[in-house]
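Listing of coords-v7.pdb, PDB, N, CA, C and O atoms
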```
ATOM      1  N   MET K 160     -25.698   6.777 -25.914
ATOM      2  CA  MET K 160     -24.905   6.865 -24.711
ATOM      3  C   MET K 160     -25.549   6.009 -23.630
ATOM      4  O   MET K 160     -26.756   5.899 -23.541
ATOM      5  N   ALA K 161     -24.764   5.428 -22.780
ATOM      6  CA  ALA K 161     -25.273   4.547 -21.736
ATOM      7  C   ALA K 161     -26.092   5.325 -20.712
ATOM      8  O   ALA K 161     -25.875   6.513 -20.482
ATOM      9  N   ASP K 162     -27.032   4.619 -20.100
ATOM     10  CA  ASP K 162     -27.878   5.255 -19.094
ATOM     11  C   ASP K 162     -27.102   5.675 -17.848
ATOM     12  O   ASP K 162     -27.452   6.643 -17.188
ATOM     13  N   ASN K 163     -26.037   4.936 -17.515
ATOM     14  CA  ASN K 163     -25.330   5.211 -16.263
ATOM     15  C   ASN K 163     -24.269   6.308 -16.396
ATOM     16  O   ASN K 163     -23.804   6.827 -15.404
ATOM     17  N   HIS K 164     -23.850   6.631 -17.589
ATOM     18  CA  HIS K 164     -22.856   7.681 -17.851
ATOM     19  C   HIS K 164     -21.604   7.526 -16.993
ATOM     20  O   HIS K 164     -21.023   8.506 -16.544
ATOM     21  N   GLY K 165     -21.218   6.319 -16.709
ATOM     22  CA  GLY K 165     -20.009   6.071 -15.937
ATOM     23  C   GLY K 165     -20.204   6.101 -14.436
ATOM     24  O   GLY K 165     -19.238   6.037 -13.692
ATOM     25  N   ASN K 166     -21.431   6.234 -13.959
ATOM     26  CA  ASN K 166     -21.684   6.240 -12.522
ATOM     27  C   ASN K 166     -21.780   4.820 -11.988
ATOM     28  O   ASN K 166     -22.834   4.367 -11.556
ATOM     29  N   THR K 167     -20.666   4.123 -12.015
ATOM     30  CA  THR K 167     -20.604   2.760 -11.514
ATOM     31  C   THR K 167     -19.417   2.644 -10.566
ATOM     32  O   THR K 167     -18.474   3.445 -10.638
ATOM     33  N   PRO K 168     -19.433   1.670  -9.667
ATOM     34  CA  PRO K 168     -18.292   1.497  -8.766
ATOM     35  C   PRO K 168     -16.972   1.282  -9.512
ATOM     36  O   PRO K 168     -15.923   1.787  -9.091
ATOM     37  N   ALA K 169     -17.014   0.558 -10.619
ATOM     38  CA  ALA K 169     -15.785   0.316 -11.377
ATOM     39  C   ALA K 169     -15.223   1.617 -11.941
ATOM     40  O   ALA K 169     -14.016   1.873 -11.863
ATOM     41  N   ALA K 170     -16.091   2.447 -12.491
ATOM     42  CA  ALA K 170     -15.629   3.702 -13.079
ATOM     43  C   ALA K 170     -15.089   4.650 -12.012
ATOM     44  O   ALA K 170     -14.024   5.264 -12.190
ATOM     45  N   TRP K 171     -15.806   4.770 -10.898
ATOM     46  CA  TRP K 171     -15.352   5.680  -9.845
ATOM     47  C   TRP K 171     -14.041   5.204  -9.225
ATOM     48  O   TRP K 171     -13.160   6.025  -8.923
ATOM     49  N   THR K 172     -13.891   3.919  -9.035
ATOM     50  CA  THR K 172     -12.641   3.394  -8.485
ATOM     51  C   THR K 172     -11.482   3.688  -9.416
ATOM     52  O   THR K 172     -10.421   4.150  -8.979
ATOM     53  N   ALA K 173     -11.670   3.448 -10.706
ATOM     54  CA  ALA K 173     -10.608   3.707 -11.677
ATOM     55  C   ALA K 173     -10.258   5.193 -11.725
ATOM     56  O   ALA K 173      -9.077   5.549 -11.788
ATOM     57  N   VAL K 174     -11.250   6.047 -11.670
ATOM     58  CA  VAL K 174     -10.993   7.491 -11.714
ATOM     59  C   VAL K 174     -10.212   7.933 -10.483
ATOM     60  O   VAL K 174      -9.265   8.726 -10.593
ATOM     61  N   LEU K 175     -10.592   7.442  -9.312
ATOM     62  CA  LEU K 175      -9.891   7.851  -8.093
ATOM     63  C   LEU K 175      -8.433   7.375  -8.079
ATOM     64  O   LEU K 175      -7.530   8.120  -7.690
ATOM     65  N   ILE K 176      -8.204   6.139  -8.519
ATOM     66  CA  ILE K 176      -6.833   5.627  -8.562
ATOM     67  C   ILE K 176      -6.021   6.399  -9.597
ATOM     68  O   ILE K 176      -4.865   6.767  -9.349
ATOM     69  N   ALA K 177      -6.610   6.673 -10.760
ATOM     70  CA  ALA K 177      -5.900   7.419 -11.800
ATOM     71  C   ALA K 177      -5.608   8.848 -11.344
ATOM     72  O   ALA K 177      -4.522   9.385 -11.614
ATOM     73  N   LEU K 178      -6.556   9.467 -10.657
ATOM     74  CA  LEU K 178      -6.336  10.814 -10.144
ATOM     75  C   LEU K 178      -5.163  10.831  -9.169
ATOM     76  O   LEU K 178      -4.300  11.718  -9.228
ATOM     77  N   ALA K 179      -5.120   9.834  -8.292
ATOM     78  CA  ALA K 179      -3.989   9.727  -7.368
ATOM     79  C   ALA K 179      -2.679   9.557  -8.139
ATOM     80  O   ALA K 179      -1.654  10.155  -7.787
ATOM     81  N   GLY K 180      -2.713   8.775  -9.207
ATOM     82  CA  GLY K 180      -1.520   8.587 -10.032
ATOM     83  C   GLY K 180      -1.054   9.871 -10.683
ATOM     84  O   GLY K 180       0.149  10.175 -10.705
ATOM     85  N   PHE K 181      -1.999  10.666 -11.194
ATOM     86  CA  PHE K 181      -1.620  11.939 -11.808
ATOM     87  C   PHE K 181      -1.061  12.911 -10.776
ATOM     88  O   PHE K 181      -0.124  13.661 -11.058
ATOM     89  N   VAL K 182      -1.627  12.904  -9.575
ATOM     90  CA  VAL K 182      -1.119  13.783  -8.523
ATOM     91  C   VAL K 182       0.296  13.363  -8.116
ATOM     92  O   VAL K 182       1.197  14.205  -8.022
ATOM     93  N   VAL K 183       0.509  12.075  -7.912
ATOM     94  CA  VAL K 183       1.835  11.580  -7.545
ATOM     95  C   VAL K 183       2.841  11.881  -8.649
ATOM     96  O   VAL K 183       3.950  12.366  -8.380
ATOM     97  N   GLY K 184       2.469  11.637  -9.895
ATOM     98  CA  GLY K 184       3.375  11.935 -11.008
ATOM     99  C   GLY K 184       3.676  13.422 -11.116
ATOM    100  O   GLY K 184       4.818  13.819 -11.386
ATOM    101  N   GLY K 185       2.662  14.253 -10.888
ATOM    102  CA  GLY K 185       2.874  15.701 -10.930
ATOM    103  C   GLY K 185       3.796  16.184  -9.829
ATOM    104  O   GLY K 185       4.658  17.044 -10.044
ATOM    105  N   VAL K 186       3.633  15.614  -8.632
ATOM    106  CA  VAL K 186       4.527  15.980  -7.528
ATOM    107  C   VAL K 186       5.957  15.561  -7.860
ATOM    108  O   VAL K 186       6.912  16.306  -7.603
ATOM    109  N   GLY K 187       6.108  14.397  -8.447
ATOM    110  CA  GLY K 187       7.444  13.940  -8.843
ATOM    111  C   GLY K 187       8.101  14.871  -9.843
ATOM    112  O   GLY K 187       9.316  15.069  -9.820
ATOM    113  N   MET K 188       7.296  15.481 -10.718
ATOM    114  CA  MET K 188       7.851  16.418 -11.703
ATOM    115  C   MET K 188       8.167  17.777 -11.082
ATOM    116  O   MET K 188       9.014  18.517 -11.584
ATOM    117  N   MET K 189       7.492  18.139  -9.982
ATOM    118  CA  MET K 189       7.709  19.444  -9.362
ATOM    119  C   MET K 189       8.863  19.448  -8.373
ATOM    120  O   MET K 189       9.392  20.509  -8.040
ATOM    121  N   ILE K 190       9.237  18.267  -7.865
ATOM    122  CA  ILE K 190      10.348  18.194  -6.907
ATOM    123  C   ILE K 190      11.627  18.626  -7.625
ATOM    124  O   ILE K 190      11.872  18.264  -8.774
ATOM    125  N   GLU K 191      12.436  19.394  -6.922
ATOM    126  CA  GLU K 191      13.698  19.853  -7.508
ATOM    127  C   GLU K 191      14.836  19.109  -6.857
ATOM    128  O   GLU K 191      15.004  19.213  -5.631
ATOM    129  N   PRO K 192      15.670  18.359  -7.523
ATOM    130  CA  PRO K 192      15.581  17.990  -8.925
ATOM    131  C   PRO K 192      14.430  16.992  -9.144
ATOM    132  O   PRO K 192      13.950  16.372  -8.207
ATOM    133  N   ILE K 193      14.038  16.838 -10.383
ATOM    134  CA  ILE K 193      12.902  15.984 -10.726
ATOM    135  C   ILE K 193      13.148  14.575 -10.197
ATOM    136  O   ILE K 193      14.205  13.989 -10.420
ATOM    137  N   SER K 194      12.150  14.049  -9.494
ATOM    138  CA  SER K 194      12.238  12.692  -8.960
ATOM    139  C   SER K 194      11.565  11.736  -9.942
ATOM    140  O   SER K 194      10.344  11.613  -9.967
ATOM    141  N   TRP K 195      12.373  11.069 -10.738
ATOM    142  CA  TRP K 195      11.830  10.161 -11.743
ATOM    143  C   TRP K 195      11.190   8.944 -11.102
ATOM    144  O   TRP K 195      10.240   8.378 -11.648
ATOM    145  N   VAL K 196      11.667   8.546  -9.934
ATOM    146  CA  VAL K 196      11.080   7.394  -9.255
ATOM    147  C   VAL K 196       9.630   7.709  -8.866
ATOM    148  O   VAL K 196       8.716   6.907  -9.110
ATOM    149  N   VAL K 197       9.399   8.877  -8.277
ATOM    150  CA  VAL K 197       8.047   9.272  -7.884
ATOM    151  C   VAL K 197       7.165   9.416  -9.121
ATOM    152  O   VAL K 197       6.001   9.007  -9.128
ATOM    153  N   PHE K 198       7.711   9.983 -10.193
ATOM    154  CA  PHE K 198       6.959  10.121 -11.437
ATOM    155  C   PHE K 198       6.506   8.758 -11.957
ATOM    156  O   PHE K 198       5.336   8.576 -12.308
ATOM    157  N   TRP K 199       7.411   7.788 -11.990
ATOM    158  CA  TRP K 199       7.061   6.471 -12.524
ATOM    159  C   TRP K 199       6.123   5.708 -11.596
ATOM    160  O   TRP K 199       5.330   4.868 -12.058
ATOM    161  N   VAL K 200       6.166   5.990 -10.302
ATOM    162  CA  VAL K 200       5.174   5.418  -9.393
ATOM    163  C   VAL K 200       3.789   5.947  -9.770
ATOM    164  O   VAL K 200       2.802   5.203  -9.783
ATOM    165  N   GLY K 201       3.701   7.233 -10.110
ATOM    166  CA  GLY K 201       2.440   7.806 -10.570
ATOM    167  C   GLY K 201       1.953   7.151 -11.848
ATOM    168  O   GLY K 201       0.763   6.857 -12.002
ATOM    169  N   VAL K 202       2.855   6.917 -12.774
ATOM    170  CA  VAL K 202       2.492   6.246 -14.023
ATOM    171  C   VAL K 202       1.994   4.830 -13.732
ATOM    172  O   VAL K 202       0.999   4.376 -14.317
ATOM    173  N   ALA K 203       2.653   4.148 -12.812
ATOM    174  CA  ALA K 203       2.228   2.794 -12.450
ATOM    175  C   ALA K 203       0.823   2.810 -11.840
ATOM    176  O   ALA K 203       0.019   1.899 -12.099
ATOM    177  N   LEU K 204       0.498   3.835 -11.065
ATOM    178  CA  LEU K 204      -0.837   3.930 -10.494
ATOM    179  C   LEU K 204      -1.899   4.093 -11.582
ATOM    180  O   LEU K 204      -2.999   3.548 -11.465
ATOM    181  N   VAL K 205      -1.583   4.825 -12.627
ATOM    182  CA  VAL K 205      -2.536   4.982 -13.727
ATOM    183  C   VAL K 205      -2.761   3.632 -14.420
ATOM    184  O   VAL K 205      -3.894   3.294 -14.780
ATOM    185  N   VAL K 206      -1.709   2.859 -14.577
ATOM    186  CA  VAL K 206      -1.846   1.525 -15.163
ATOM    187  C   VAL K 206      -2.674   0.630 -14.237
ATOM    188  O   VAL K 206      -3.540  -0.130 -14.700
ATOM    189  N   VAL K 207      -2.444   0.731 -12.935
ATOM    190  CA  VAL K 207      -3.227  -0.043 -11.965
ATOM    191  C   VAL K 207      -4.699   0.335 -12.059
ATOM    192  O   VAL K 207      -5.585  -0.521 -11.934
ATOM    193  N   ALA K 208      -4.990   1.619 -12.301
ATOM    194  CA  ALA K 208      -6.380   2.062 -12.443
ATOM    195  C   ALA K 208      -7.054   1.360 -13.618
ATOM    196  O   ALA K 208      -8.202   0.921 -13.512
ATOM    197  N   ALA K 209      -6.346   1.264 -14.726
ATOM    198  CA  ALA K 209      -6.915   0.590 -15.897
ATOM    199  C   ALA K 209      -7.155  -0.892 -15.615
ATOM    200  O   ALA K 209      -8.188  -1.453 -16.000
ATOM    201  N   ILE K 210      -6.223  -1.522 -14.926
ATOM    202  CA  ILE K 210      -6.372  -2.933 -14.590
ATOM    203  C   ILE K 210      -7.529  -3.129 -13.613
ATOM    204  O   ILE K 210      -8.345  -4.056 -13.767
ATOM    205  N   ALA K 211      -7.618  -2.258 -12.610
ATOM    206  CA  ALA K 211      -8.702  -2.355 -11.629
ATOM    207  C   ALA K 211     -10.053  -2.188 -12.311
ATOM    208  O   ALA K 211     -11.008  -2.908 -12.000
ATOM    209  N   PHE K 212     -10.139  -1.257 -13.251
ATOM    210  CA  PHE K 212     -11.398  -1.069 -13.972
ATOM    211  C   PHE K 212     -11.767  -2.331 -14.744
ATOM    212  O   PHE K 212     -12.908  -2.780 -14.705
ATOM    213  N   GLY K 213     -10.807  -2.892 -15.442
ATOM    214  CA  GLY K 213     -11.065  -4.111 -16.216
ATOM    215  C   GLY K 213     -11.535  -5.263 -15.347
ATOM    216  O   GLY K 213     -12.494  -5.963 -15.674
ATOM    217  N   LEU K 214     -10.874  -5.444 -14.212
ATOM    218  CA  LEU K 214     -11.259  -6.530 -13.304
ATOM    219  C   LEU K 214     -12.643  -6.288 -12.708
ATOM    220  O   LEU K 214     -13.473  -7.205 -12.654
ATOM    221  N   MET K 215     -12.893  -5.066 -12.265
ATOM    222  CA  MET K 215     -14.192  -4.770 -11.665
ATOM    223  C   MET K 215     -15.318  -4.867 -12.692
ATOM    224  O   MET K 215     -16.428  -5.296 -12.375
ATOM    225  N   ALA K 216     -15.032  -4.477 -13.936
ATOM    226  CA  ALA K 216     -16.048  -4.587 -14.983
ATOM    227  C   ALA K 216     -16.384  -6.052 -15.251
ATOM    228  O   ALA K 216     -17.550  -6.412 -15.418
ATOM    229  N   LYS K 217     -15.359  -6.904 -15.253
ATOM    230  CA  LYS K 217     -15.601  -8.335 -15.470
ATOM    231  C   LYS K 217     -16.367  -8.962 -14.305
ATOM    232  O   LYS K 217     -17.090  -9.935 -14.480
ATOM    233  N   LEU K 218     -16.213  -8.396 -13.118
ATOM    234  CA  LEU K 218     -16.920  -8.894 -11.949
ATOM    235  C   LEU K 218     -18.340  -8.356 -11.857
ATOM    236  O   LEU K 218     -19.086  -8.708 -10.944
ATOM    237  N   GLY K 219     -18.714  -7.492 -12.798
ATOM    238  CA  GLY K 219     -20.077  -6.985 -12.851
ATOM    239  C   GLY K 219     -20.303  -5.655 -12.170
ATOM    240  O   GLY K 219     -21.433  -5.226 -12.002
ATOM    241  N   PHE K 220     -19.233  -4.967 -11.769
ATOM    242  CA  PHE K 220     -19.377  -3.689 -11.087
ATOM    243  C   PHE K 220     -19.481  -2.505 -12.056
ATOM    244  O   PHE K 220     -19.443  -1.355 -11.621
ATOM    245  N   HIS K 221     -19.562  -2.772 -13.335
ATOM    246  CA  HIS K 221     -19.711  -1.698 -14.319
ATOM    247  C   HIS K 221     -21.094  -1.785 -14.980
ATOM    248  O   HIS K 221     -21.288  -1.440 -16.120
ATOM    249  N   GLU K 222     -22.049  -2.277 -14.209
ATOM    250  CA  GLU K 222     -23.409  -2.400 -14.709
ATOM    251  C   GLU K 222     -24.296  -1.437 -13.931
ATOM    252  O   GLU K 222     -24.085  -1.213 -12.742
ATOM    253  N   PRO K 223     -25.270  -0.839 -14.591
ATOM    254  CA  PRO K 223     -26.146   0.091 -13.890
ATOM    255  C   PRO K 223     -26.924  -0.584 -12.765
ATOM    256  O   PRO K 223     -27.330  -1.749 -12.887
ATOM    257  N   GLY K 224     -27.095   0.137 -11.675
ATOM    258  CA  GLY K 224     -27.880  -0.375 -10.566
ATOM    259  C   GLY K 224     -27.186  -1.397  -9.706
ATOM    260  O   GLY K 224     -27.819  -2.084  -8.922
ATOM    261  N   HIS K 225     -25.876  -1.532  -9.831
ATOM    262  CA  HIS K 225     -25.164  -2.523  -9.017
ATOM    263  C   HIS K 225     -24.947  -1.962  -7.631
ATOM    264  O   HIS K 225     -24.552  -0.932  -7.386
TER     265      HIS K 225
END
```

The structure given in the file should be rewritten as structure tokens.
Amino acid sequence: MADNHGNTPAAWTAVLIALAGFVVGGVGMMIEPISWVVFWVGVALVVVAAIAFGLMAKLGFHEPGH
């Protein structure tokens, strides 16, 4: 297992964006009637989180001690 265990700026940024996406998607599912637009915005945020992680990792923000 890696020494940093995911404690890098890239990992934390991706987690925070993904968490926001899950919250937005969950709110979209709880609205009566279900708001599919809000749900898909949440899904898009999760995809953005993955892209942000990939970009930040390539920029060196997923290395220990950065």

Practice task
Given the file shown, determine the residues that the PyMOL selection byres (((chain K and resi 175 and name CA) around 12) and name CA) selects; report them as a ChimeraX atom specification.
Solution key: /K:168-174,176-182,204-205,207-209,211-212

Save out the residues we just selected, N, CA, C and O atoms, as a PDB file, in the coordinates of the input.
```
ATOM      1  N   PRO K 168     -19.433   1.670  -9.667  1.00  0.00           N
ATOM      2  CA  PRO K 168     -18.292   1.497  -8.766  1.00  0.00           C
ATOM      3  C   PRO K 168     -16.972   1.282  -9.512  1.00  0.00           C
ATOM      4  O   PRO K 168     -15.923   1.787  -9.091  1.00  0.00           O
ATOM      5  N   ALA K 169     -17.014   0.558 -10.619  1.00  0.00           N
ATOM      6  CA  ALA K 169     -15.785   0.316 -11.377  1.00  0.00           C
ATOM      7  C   ALA K 169     -15.223   1.617 -11.941  1.00  0.00           C
ATOM      8  O   ALA K 169     -14.016   1.873 -11.863  1.00  0.00           O
ATOM      9  N   ALA K 170     -16.091   2.447 -12.491  1.00  0.00           N
ATOM     10  CA  ALA K 170     -15.629   3.702 -13.079  1.00  0.00           C
ATOM     11  C   ALA K 170     -15.089   4.650 -12.012  1.00  0.00           C
ATOM     12  O   ALA K 170     -14.024   5.264 -12.190  1.00  0.00           O
ATOM     13  N   TRP K 171     -15.806   4.770 -10.898  1.00  0.00           N
ATOM     14  CA  TRP K 171     -15.352   5.680  -9.845  1.00  0.00           C
ATOM     15  C   TRP K 171     -14.041   5.204  -9.225  1.00  0.00           C
ATOM     16  O   TRP K 171     -13.160   6.025  -8.923  1.00  0.00           O
ATOM     17  N   THR K 172     -13.891   3.919  -9.035  1.00  0.00           N
ATOM     18  CA  THR K 172     -12.641   3.394  -8.485  1.00  0.00           C
ATOM     19  C   THR K 172     -11.482   3.688  -9.416  1.00  0.00           C
ATOM     20  O   THR K 172     -10.421   4.150  -8.979  1.00  0.00           O
ATOM     21  N   ALA K 173     -11.670   3.448 -10.706  1.00  0.00           N
ATOM     22  CA  ALA K 173     -10.608   3.707 -11.677  1.00  0.00           C
ATOM     23  C   ALA K 173     -10.258   5.193 -11.725  1.00  0.00           C
ATOM     24  O   ALA K 173      -9.077   5.549 -11.788  1.00  0.00           O
ATOM     25  N   VAL K 174     -11.250   6.047 -11.670  1.00  0.00           N
ATOM     26  CA  VAL K 174     -10.993   7.491 -11.714  1.00  0.00           C
ATOM     27  C   VAL K 174     -10.212   7.933 -10.483  1.00  0.00           C
ATOM     28  O   VAL K 174      -9.265   8.726 -10.593  1.00  0.00           O
ATOM     29  N   ILE K 176      -8.204   6.139  -8.519  1.00  0.00           N
ATOM     30  CA  ILE K 176      -6.833   5.627  -8.562  1.00  0.00           C
ATOM     31  C   ILE K 176      -6.021   6.399  -9.597  1.00  0.00           C
ATOM     32  O   ILE K 176      -4.865   6.767  -9.349  1.00  0.00           O
ATOM     33  N   ALA K 177      -6.610   6.673 -10.760  1.00  0.00           N
ATOM     34  CA  ALA K 177      -5.900   7.419 -11.800  1.00  0.00           C
ATOM     35  C   ALA K 177      -5.608   8.848 -11.344  1.00  0.00           C
ATOM     36  O   ALA K 177      -4.522   9.385 -11.614  1.00  0.00           O
ATOM     37  N   LEU K 178      -6.556   9.467 -10.657  1.00  0.00           N
ATOM     38  CA  LEU K 178      -6.336  10.814 -10.144  1.00  0.00           C
ATOM     39  C   LEU K 178      -5.163  10.831  -9.169  1.00  0.00           C
ATOM     40  O   LEU K 178      -4.300  11.718  -9.228  1.00  0.00           O
ATOM     41  N   ALA K 179      -5.120   9.834  -8.292  1.00  0.00           N
ATOM     42  CA  ALA K 179      -3.989   9.727  -7.368  1.00  0.00           C
ATOM     43  C   ALA K 179      -2.679   9.557  -8.139  1.00  0.00           C
ATOM     44  O   ALA K 179      -1.654  10.155  -7.787  1.00  0.00           O
ATOM     45  N   GLY K 180      -2.713   8.775  -9.207  1.00  0.00           N
ATOM     46  CA  GLY K 180      -1.520   8.587 -10.032  1.00  0.00           C
ATOM     47  C   GLY K 180      -1.054   9.871 -10.683  1.00  0.00           C
ATOM     48  O   GLY K 180       0.149  10.175 -10.705  1.00  0.00           O
ATOM     49  N   PHE K 181      -1.999  10.666 -11.194  1.00  0.00           N
ATOM     50  CA  PHE K 181      -1.620  11.939 -11.808  1.00  0.00           C
ATOM     51  C   PHE K 181      -1.061  12.911 -10.776  1.00  0.00           C
ATOM     52  O   PHE K 181      -0.124  13.661 -11.058  1.00  0.00           O
ATOM     53  N   VAL K 182      -1.627  12.904  -9.575  1.00  0.00           N
ATOM     54  CA  VAL K 182      -1.119  13.783  -8.523  1.00  0.00           C
ATOM     55  C   VAL K 182       0.296  13.363  -8.116  1.00  0.00           C
ATOM     56  O   VAL K 182       1.197  14.205  -8.022  1.00  0.00           O
ATOM     57  N   LEU K 204       0.498   3.835 -11.065  1.00  0.00           N
ATOM     58  CA  LEU K 204      -0.837   3.930 -10.494  1.00  0.00           C
ATOM     59  C   LEU K 204      -1.899   4.093 -11.582  1.00  0.00           C
ATOM     60  O   LEU K 204      -2.999   3.548 -11.465  1.00  0.00           O
ATOM     61  N   VAL K 205      -1.583   4.825 -12.627  1.00  0.00           N
ATOM     62  CA  VAL K 205      -2.536   4.982 -13.727  1.00  0.00           C
ATOM     63  C   VAL K 205      -2.761   3.632 -14.420  1.00  0.00           C
ATOM     64  O   VAL K 205      -3.894   3.294 -14.780  1.00  0.00           O
ATOM     65  N   VAL K 207      -2.444   0.731 -12.935  1.00  0.00           N
ATOM     66  CA  VAL K 207      -3.227  -0.043 -11.965  1.00  0.00           C
ATOM     67  C   VAL K 207      -4.699   0.335 -12.059  1.00  0.00           C
ATOM     68  O   VAL K 207      -5.585  -0.521 -11.934  1.00  0.00           O
ATOM     69  N   ALA K 208      -4.990   1.619 -12.301  1.00  0.00           N
ATOM     70  CA  ALA K 208      -6.380   2.062 -12.443  1.00  0.00           C
ATOM     71  C   ALA K 208      -7.054   1.360 -13.618  1.00  0.00           C
ATOM     72  O   ALA K 208      -8.202   0.921 -13.512  1.00  0.00           O
ATOM     73  N   ALA K 209      -6.346   1.264 -14.726  1.00  0.00           N
ATOM     74  CA  ALA K 209      -6.915   0.590 -15.897  1.00  0.00           C
ATOM     75  C   ALA K 209      -7.155  -0.892 -15.615  1.00  0.00           C
ATOM     76  O   ALA K 209      -8.188  -1.453 -16.000  1.00  0.00           O
ATOM     77  N   ALA K 211      -7.618  -2.258 -12.610  1.00  0.00           N
ATOM     78  CA  ALA K 211      -8.702  -2.355 -11.629  1.00  0.00           C
ATOM     79  C   ALA K 211     -10.053  -2.188 -12.311  1.00  0.00           C
ATOM     80  O   ALA K 211     -11.008  -2.908 -12.000  1.00  0.00           O
ATOM     81  N   PHE K 212     -10.139  -1.257 -13.251  1.00  0.00           N
ATOM     82  CA  PHE K 212     -11.398  -1.069 -13.972  1.00  0.00           C
ATOM     83  C   PHE K 212     -11.767  -2.331 -14.744  1.00  0.00           C
ATOM     84  O   PHE K 212     -12.908  -2.780 -14.705  1.00  0.00           O
TER      85      PHE K 212
END
```

The distance between atom C of Ser194 (chain K) and atom N of Gly213 (chain K) is 27.3 Å

query: What is the distance between atom C of Gly201 (chain K) and CA of His164 (chain K), in Å to one decimal?
result: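 Spanning atom C of Gly201 (chain K) to CA of His164 (chain K) is a straight-line distance of 25.5 Å.
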
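Here CA of Ala216 (chain K) is placed at a distance of 9.3 Å from CA of Thr167 (chain K).
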